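protein-v1.pdb (PDB, C-alpha atoms)
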MODEL        1
ATOM      1  CA  MET W 260     133.785 251.264 182.355
ATOM      2  CA  ALA W 261     135.852 248.116 181.790
ATOM      3  CA  PRO W 262     134.039 245.102 180.226
ATOM      4  CA  GLY W 263     134.526 242.944 183.335
ATOM      5  CA  ARG W 264     133.136 245.588 185.633
ATOM      6  CA  ARG W 265     130.236 246.217 183.261
ATOM      7  CA  ASP W 266     129.313 242.516 183.299
ATOM      8  CA  THR W 267     129.420 242.474 187.097
ATOM      9  CA  CYS W 268     127.167 245.524 187.284
ATOM     10  CA  ARG W 269     124.685 243.912 184.918
ATOM     11  CA  ALA W 270     124.489 240.966 187.279
ATOM     12  CA  TRP W 271     123.443 243.379 190.049
ATOM     13  CA  GLY W 272     120.736 244.857 187.850
ATOM     14  CA  ALA W 273     120.322 248.383 186.519
ATOM     15  CA  ALA W 274     119.803 249.906 189.962
ATOM     16  CA  GLY W 275     122.844 248.174 191.442
ATOM     17  CA  MET W 276     125.081 249.425 188.659
ATOM     18  CA  CYS W 277     123.821 252.965 189.116
ATOM     19  CA  VAL W 278     124.283 252.873 192.905
ATOM     20  CA  ALA W 279     127.930 251.928 192.414
ATOM     21  CA  ALA W 280     128.394 254.647 189.784
ATOM     22  CA  GLN W 281     126.686 257.236 191.995
ATOM     23  CA  ALA W 282     129.030 256.381 194.869
ATOM     24  CA  ALA W 283     132.063 256.737 192.593
ATOM     25  CA  LEU W 284     130.772 260.094 191.341
ATOM     26  CA  CYS W 285     130.288 261.347 194.908
ATOM     27  CA  ASN W 286     133.867 260.358 195.759
ATOM     28  CA  ALA W 287     135.218 262.122 192.665
ATOM     29  CA  THR W 288     133.280 265.351 193.228
ATOM     30  CA  ALA W 289     134.164 265.380 196.938
ATOM     31  CA  GLY W 290     137.844 265.067 196.066
ATOM     32  CA  HIS W 291     137.470 267.826 193.492
ATOM     33  CA  ARG W 292     135.859 270.109 196.085
ATOM     34  CA  GLN W 293     138.737 269.611 198.525
ATOM     35  CA  LEU W 294     141.185 270.675 195.819
ATOM     36  CA  VAL W 295     139.107 273.713 194.872
ATOM     37  CA  LEU W 296     139.085 274.859 198.504
ATOM     38  CA  GLN W 297     142.894 274.994 198.421
ATOM     39  CA  LEU W 298     143.093 277.319 195.419
ATOM     40  CA  GLY W 299     144.716 280.648 196.301
ATOM     41  CA  GLY W 300     146.046 279.321 199.601
ATOM     42  CA  SER W 301     149.501 278.384 200.780
ATOM     43  CA  THR W 302     149.206 274.891 199.272
ATOM     44  CA  ASP W 303     148.198 276.141 195.816
ATOM     45  CA  SER W 304     150.580 275.025 193.078
ATOM     46  CA  PRO W 305     150.632 273.910 189.427
ATOM     47  CA  GLN W 306     150.504 270.318 190.680
ATOM     48  CA  LEU W 307     147.359 270.994 192.705
ATOM     49  CA  ARG W 308     145.681 272.626 189.728
ATOM     50  CA  GLU W 309     146.613 269.728 187.498
ATOM     51  CA  GLU W 310     145.160 267.304 190.054
ATOM     52  CA  ARG W 311     141.977 269.387 190.168
ATOM     53  CA  ARG W 312     141.747 269.114 186.386
ATOM     54  CA  ARG W 313     142.187 265.333 186.552
ATOM     55  CA  ARG W 314     139.515 265.017 189.223
ATOM     56  CA  SER W 315     137.159 267.151 187.162
ATOM     57  CA  THR W 316     137.753 264.944 184.119
ATOM     58  CA  GLU W 317     137.097 261.832 186.195
ATOM     59  CA  ALA W 318     133.853 263.272 187.571
ATOM     60  CA  ARG W 319     132.620 264.317 184.137
ATOM     61  CA  GLU W 320     133.387 260.888 182.671
ATOM     62  CA  LEU W 321     131.552 259.212 185.547
ATOM     63  CA  SER W 322     128.628 261.594 185.010
ATOM     64  CA  THR W 323     128.351 260.594 181.362
ATOM     65  CA  GLY W 324     128.400 256.901 182.197
ATOM     66  CA  LEU W 325     125.860 257.266 185.006
ATOM     67  CA  GLN W 326     123.539 259.329 182.843
ATOM     68  CA  HIS W 327     123.494 256.665 180.125
ATOM     69  CA  ALA W 328     123.010 253.869 182.663
ATOM     70  CA  LEU W 329     120.099 255.628 184.374
ATOM     71  CA  LEU W 330     118.393 256.413 181.095
ATOM     72  CA  ALA W 331     118.789 252.829 179.938
ATOM     73  CA  GLY W 332     117.370 251.521 183.209
ATOM     74  CA  LEU W 333     114.415 253.909 183.218
ATOM     75  CA  ARG W 334     113.533 252.911 179.646
ATOM     76  CA  GLN W 335     113.459 249.199 180.371
ATOM     77  CA  GLU W 336     109.951 247.787 180.025
ATOM     78  CA  MET W 337     110.562 244.815 182.321
ATOM     79  CA  VAL W 338     111.949 246.800 185.273
ATOM     80  CA  SER W 339     110.063 246.193 188.530
ATOM     81  CA  PRO W 340     108.234 249.059 190.280
ATOM     82  CA  LYS W 341     110.681 248.962 193.205
ATOM     83  CA  GLU W 342     113.687 249.080 190.908
ATOM     84  CA  ARG W 343     112.166 251.937 188.953
ATOM     85  CA  GLN W 344     111.651 253.854 192.190
ATOM     86  CA  GLU W 345     115.294 253.268 193.014
ATOM     87  CA  LEU W 346     116.367 254.505 189.585
ATOM     88  CA  GLU W 347     114.235 257.623 189.967
ATOM     89  CA  ARG W 348     115.744 258.244 193.405
ATOM     90  CA  LEU W 349     119.243 257.933 191.944
ATOM     91  CA  TRP W 350     118.301 260.262 189.094
ATOM     92  CA  VAL W 351     117.381 263.001 191.585
ATOM     93  CA  LEU W 352     120.543 262.404 193.627
ATOM     94  CA  PHE W 353     122.575 262.543 190.424
ATOM     95  CA  LEU W 354     121.044 265.912 189.519
ATOM     96  CA  SER W 355     121.886 267.256 192.976
ATOM     97  CA  ALA W 356     125.469 265.989 192.747
ATOM     98  CA  LEU W 357     125.934 267.635 189.342
ATOM     99  CA  GLU W 358     124.541 270.942 190.587
ATOM    100  CA  LEU W 359     127.042 270.950 193.481
ATOM    101  CA  PHE W 360     129.839 269.991 191.098
ATOM    102  CA  LEU W 361     128.878 272.882 188.823
ATOM    103  CA  GLN W 362     129.002 275.273 191.791
ATOM    104  CA  ASP W 363     132.521 274.081 192.593
ATOM    105  CA  LEU W 364     133.599 274.598 188.984
ATOM    106  CA  HIS W 365     132.296 278.161 189.111
ATOM    107  CA  ARG W 366     134.176 278.688 192.380
ATOM    108  CA  ALA W 367     137.378 277.350 190.810
ATOM    109  CA  HIS W 368     136.887 279.619 187.795
ATOM    110  CA  HIS W 369     136.574 282.645 190.085
ATOM    111  CA  LEU W 370     139.642 281.690 192.117
ATOM    112  CA  TYR W 371     141.687 281.088 188.971
ATOM    113  CA  GLN W 372     140.924 284.656 187.949
ATOM    114  CA  LEU W 373     141.910 286.017 191.352
ATOM    115  CA  PHE W 374     145.056 283.922 191.783
ATOM    116  CA  SER W 375     146.845 283.361 188.497
ATOM    117  CA  MET W 376     149.934 281.198 188.276
ATOM    118  CA  GLN W 377     153.067 283.292 187.757
ATOM    119  CA  GLY W 378     156.450 281.868 186.889
ATOM    120  CA  GLY W 379     155.588 278.500 188.403
ATOM    121  CA  GLY W 380     154.189 280.077 191.573
ATOM    122  CA  THR W 381     150.867 281.540 192.605
ATOM    123  CA  ALA W 382     149.832 285.118 193.275
ATOM    124  CA  LEU W 383     148.466 284.454 196.759
ATOM    125  CA  LEU W 384     146.129 286.666 198.720
ATOM    126  CA  ARG W 385     147.722 289.713 200.370
ATOM    127  CA  THR W 386     146.113 291.370 203.383
ATOM    128  CA  GLY W 387     147.478 294.853 202.703
ATOM    129  CA  LEU W 388     149.080 295.135 206.156
ATOM    130  CA  GLY W 389     152.459 295.904 204.607
ATOM    131  CA  GLY W 390     151.102 298.642 202.400
ATOM    132  CA  ARG W 391     150.594 296.239 199.536
ATOM    133  CA  GLY W 392     147.461 295.044 197.923
ATOM    134  CA  LEU W 393     146.949 292.411 195.293
ATOM    135  CA  PRO W 394     149.787 292.488 192.749
ATOM    136  CA  SER W 395     148.975 294.339 189.561
ATOM    137  CA  ARG W 396     148.529 292.131 186.494
ATOM    138  CA  LYS W 397     149.481 294.946 184.120
ATOM    139  CA  GLY W 398     153.185 295.447 183.587
ATOM    140  CA  SER W 399     154.098 293.211 186.524
ATOM    141  CA  ARG W 400     157.009 290.834 185.982
ATOM    142  CA  ARG W 401     158.635 287.992 187.879
ATOM    143  CA  ARG W 402     161.818 286.181 186.883
ATOM    144  CA  GLY W 403     162.030 288.350 183.798
ATOM    145  CA  GLY W 404     158.759 287.147 182.307
ATOM    146  CA  PRO W 405     155.297 288.700 182.034
ATOM    147  CA  VAL W 406     152.487 287.655 184.300
ATOM    148  CA  GLN W 407     150.621 284.712 182.813
ATOM    149  CA  PRO W 408     146.878 285.240 182.249
ATOM    150  CA  PRO W 409     144.494 283.123 184.316
ATOM    151  CA  ALA W 410     144.199 279.607 182.907
ATOM    152  CA  VAL W 411     140.417 279.619 182.668
ATOM    153  CA  PRO W 412     139.506 278.503 179.107
ATOM    154  CA  CYS W 413     139.615 274.825 180.090
ATOM    155  CA  LEU W 414     137.444 275.560 183.115
ATOM    156  CA  GLU W 415     134.910 277.324 180.943
ATOM    157  CA  GLU W 416     134.708 274.184 178.807
ATOM    158  CA  GLU W 417     134.252 272.042 181.935
ATOM    159  CA  ILE W 418     131.476 274.322 183.174
ATOM    160  CA  GLU W 419     129.713 274.249 179.818
ATOM    161  CA  GLN W 420     129.903 270.449 179.622
ATOM    162  CA  VAL W 421     128.357 269.965 183.071
ATOM    163  CA  ARG W 422     125.698 272.588 182.387
ATOM    164  CA  ALA W 423     124.795 270.860 179.113
ATOM    165  CA  THR W 424     124.523 267.521 180.921
ATOM    166  CA  LEU W 425     122.132 269.031 183.467
ATOM    167  CA  VAL W 426     119.950 270.525 180.743
ATOM    168  CA  GLU W 427     119.880 267.231 178.859
ATOM    169  CA  MET W 428     118.963 265.253 181.976
ATOM    170  CA  GLU W 429     116.116 267.587 182.861
ATOM    171  CA  SER W 430     114.731 267.310 179.323
ATOM    172  CA  ARG W 431     115.071 263.539 178.841
ATOM    173  CA  ALA W 432     113.447 262.270 182.040
ATOM    174  CA  ASN W 433     110.419 263.796 183.725
ATOM    175  CA  ILE W 434     111.263 262.995 187.353
ATOM    176  CA  PRO W 435     110.257 265.848 189.702
ATOM    177  CA  PRO W 436     112.775 266.241 192.561
ATOM    178  CA  TRP W 437     109.962 266.734 195.089
ATOM    179  CA  THR W 438     108.937 263.088 194.642
ATOM    180  CA  VAL W 439     112.002 262.076 196.683
ATOM    181  CA  GLU W 440     111.794 262.267 200.475
ATOM    182  CA  ALA W 441     114.762 262.212 202.875
ATOM    183  CA  THR W 442     114.900 259.250 205.274
ATOM    184  CA  GLN W 443     117.978 260.353 207.274
ATOM    185  CA  PRO W 444     118.337 263.403 209.520
ATOM    186  CA  ALA W 445     120.347 266.287 208.130
ATOM    187  CA  GLY W 446     124.094 265.917 208.556
ATOM    188  CA  MET W 447     124.171 262.111 208.453
ATOM    189  CA  GLY W 448     126.442 262.076 205.385
ATOM    190  CA  GLY W 449     124.157 260.148 203.067
ATOM    191  CA  THR W 450     126.412 260.458 200.027
ATOM    192  CA  ALA W 451     128.715 257.755 201.354
ATOM    193  CA  ALA W 452     125.910 255.375 202.285
ATOM    194  CA  PRO W 453     125.484 253.696 198.869
ATOM    195  CA  VAL W 454     129.075 252.432 199.011
ATOM    196  CA  ALA W 455     128.433 250.555 202.239
ATOM    197  CA  GLY W 456     125.053 249.411 200.935
ATOM    198  CA  VAL W 457     126.551 247.764 197.864
ATOM    199  CA  ALA W 458     129.307 246.126 199.871
ATOM    200  CA  ARG W 459     127.031 244.656 202.525
ATOM    201  CA  GLY W 460     123.908 243.610 200.768
ATOM    202  CA  GLY W 461     122.924 245.195 197.508
ATOM    203  CA  PRO W 462     121.612 248.482 196.240
ATOM    204  CA  ARG W 463     118.694 248.801 198.660
ATOM    205  CA  ALA W 464     120.881 249.066 201.770
ATOM    206  CA  GLY W 465     122.014 252.379 203.200
ATOM    207  CA  HIS W 466     119.351 254.585 201.588
ATOM    208  CA  CYS W 467     119.174 258.224 202.596
ATOM    209  CA  CYS W 468     115.915 258.994 200.791
ATOM    210  CA  ARG W 469     112.959 257.315 199.114
ATOM    211  CA  VAL W 470     110.534 257.993 196.271
ATOM    212  CA  LEU W 471     107.133 259.169 197.434
TER     213      LEU W 471
ENDMDL
END
This structure in structure tokens:
Amino acid sequence: MAPGRRDTCRAWGAAGMCVAAQAALCNATAGHRQLVLQLGGSTDSPQLREERRRRSTEARELSTGLQHALLAGLRQEMVSPKERQELERLWVLFLSALELFLQDLHRAHHLYQLFSMQGGGTALLRTGLGGRGLPSRKGSRRRGGPVQPPAVPCLEEEIEQVRATLVEMESRANIPPWTVEATQPAGMGGTAAPVAGVARGGPRAGHCCRVL
């Protein structure tokens, strides 16, 4: 986070800074999910996969910053009870967001294995109607070159990093998820609410759940 933005967030308080970071993380992971859903389809391309990688990097960097900010806020001795409740609520939402992000990374890993990039293109899904199935990866060639193996090592590193973050979070703060209760009906799209809450009147506006 840039120094100017960090100073502004400090002026909002620990909870305000974390609400803004949580909103940014939700935007990054939502964008990453949209890209993952296009893997193996007609819009799949090296450019799309590179954009997915950039979005994943952005989300993981935001996760690291939010984790440190939440831990710092929860360890403050002078934090008010209401602000602590807000920080605990954000901690649970952060865990949920990371778990969904990890699921999307696993989905991307699986699709990368199914649809490897070949000669700048993608081996897309075939229905078999023309007597063809999925192209063989052994001995198959295009443009005079061998089929490239699935580019999954970087994804495995991404998966491991997010998994390690989840394990660390669960071990460093004892905040049971069942202490948070939903305050909006299902399907209301609560992940976008903190953005509007910060813009209109501070971190307490636009809540989708509360600490019991």
Tell me which protein, DNA and RNA residues are within 10 Å of W:Glu317, counting only C-alpha atoms, leaving out same-chain ones fewer than 2 positions away, and put them as a ChimeraX atom specification.
/W:283-284,287-288,291,311-315,319-322
Selection under test: the PyMOL selection byres ((chain W and resi 294) around 12); residues as number ranges by chain:
W: 287-293, 295-300, 302-315, 363-364, 366-367, 370
Any chance you could export the current selection's C-alpha atoms as a short mmCIF file (atom, residue, chain, number, x, y, z; two decimals), in the frame of the given file?
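Writing done, so here's result.cif:
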data_model
loop_
_atom_site.label_atom_id
_atom_site.label_comp_id
_atom_site.auth_asym_id
_atom_site.auth_seq_id
_atom_site.Cartn_x
_atom_site.Cartn_y
_atom_site.Cartn_z
CA ALA W 287 135.22 262.12 192.66
CA THR W 288 133.28 265.35 193.23
CA ALA W 289 134.16 265.38 196.94
CA GLY W 290 137.84 265.07 196.07
CA HIS W 291 137.47 267.83 193.49
CA ARG W 292 135.86 270.11 196.08
CA GLN W 293 138.74 269.61 198.52
CA VAL W 295 139.11 273.71 194.87
CA LEU W 296 139.08 274.86 198.50
CA GLN W 297 142.89 274.99 198.42
CA LEU W 298 143.09 277.32 195.42
CA GLY W 299 144.72 280.65 196.30
CA GLY W 300 146.05 279.32 199.60
CA THR W 302 149.21 274.89 199.27
CA ASP W 303 148.20 276.14 195.82
CA SER W 304 150.58 275.02 193.08
CA PRO W 305 150.63 273.91 189.43
CA GLN W 306 150.50 270.32 190.68
CA LEU W 307 147.36 270.99 192.70
CA ARG W 308 145.68 272.63 189.73
CA GLU W 309 146.61 269.73 187.50
CA GLU W 310 145.16 267.30 190.05
CA ARG W 311 141.98 269.39 190.17
CA ARG W 312 141.75 269.11 186.39
CA ARG W 313 142.19 265.33 186.55
CA ARG W 314 139.51 265.02 189.22
CA SER W 315 137.16 267.15 187.16
CA ASP W 363 132.52 274.08 192.59
CA LEU W 364 133.60 274.60 188.98
CA ARG W 366 134.18 278.69 192.38
CA ALA W 367 137.38 277.35 190.81
CA LEU W 370 139.64 281.69 192.12
#
Nearest residue to W:Cys277 from the set W:Met376, W:Cys413, W:Met428, W:Ala331 (distances using all atoms listed in the file):
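Answer, going by the shortest atom-to-atom distance: W:Ala331.
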Nearest residue to W:Thr316 out of W:Glu416, W:Ala423, W:Ile434, W:Ser301, using all atoms listed in the file?
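Checking each of W:Glu416, W:Ala423, W:Ile434, W:Ser301 against W:Thr316, counting all atoms listed in the file, the winner is W:Glu416.
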Would you work out the distance separating atom CA of W:Glu342 from atom CA of W:Ala282, expressed in Å to one decimal?
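Value for the atom CA of W:Glu342-atom CA of W:Ala282 distance: 17.4 Å.
Straight-line separation from atom CA of W:Phe353 to atom CA of W:Leu425: 9.5 Å.
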Pairwise distance for atom CA of W:Leu357 and atom CA of W:Gln335, rounded to one decimal in Å:
24.0 Å
Non-local contacts of W:Glu347 (8 Å; all atoms listed in the file; under 4 positions in same chain excluded) as a VMD selection string
chain W and resid 333 343 351 434 470
If we count only C-alpha atoms and set the cut-off at 9 Å, which residues sit around W:His365, ignoring sequence neighbours fewer than 3 positions away in its own chain? Please answer as a list in words.
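Within the cut-off, the hits are Phe360, Leu361, Gln362, His368, His369, Leu370, Leu414, Glu415 and Ile418 of chain W.
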Please determine the residues with any atom at most 7 Å from (128.0, 255.1, 186.6) (coordinates as given in the file, with all atoms listed in the file counting) and report them as a list of chain:residue names.
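Residues close enough to count: W:Met276, W:Cys277, W:Ala279, W:Ala280, W:Gln281, W:Leu321, W:Ser322, W:Gly324, W:Leu325, W:Ala328.
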Check the smallest atom-to-atom distance from each of W:Ala274, W:Met337, W:Cys285, W:Leu373 to W:Leu349 using all atoms listed in the file, then report the winner.
W:Ala274
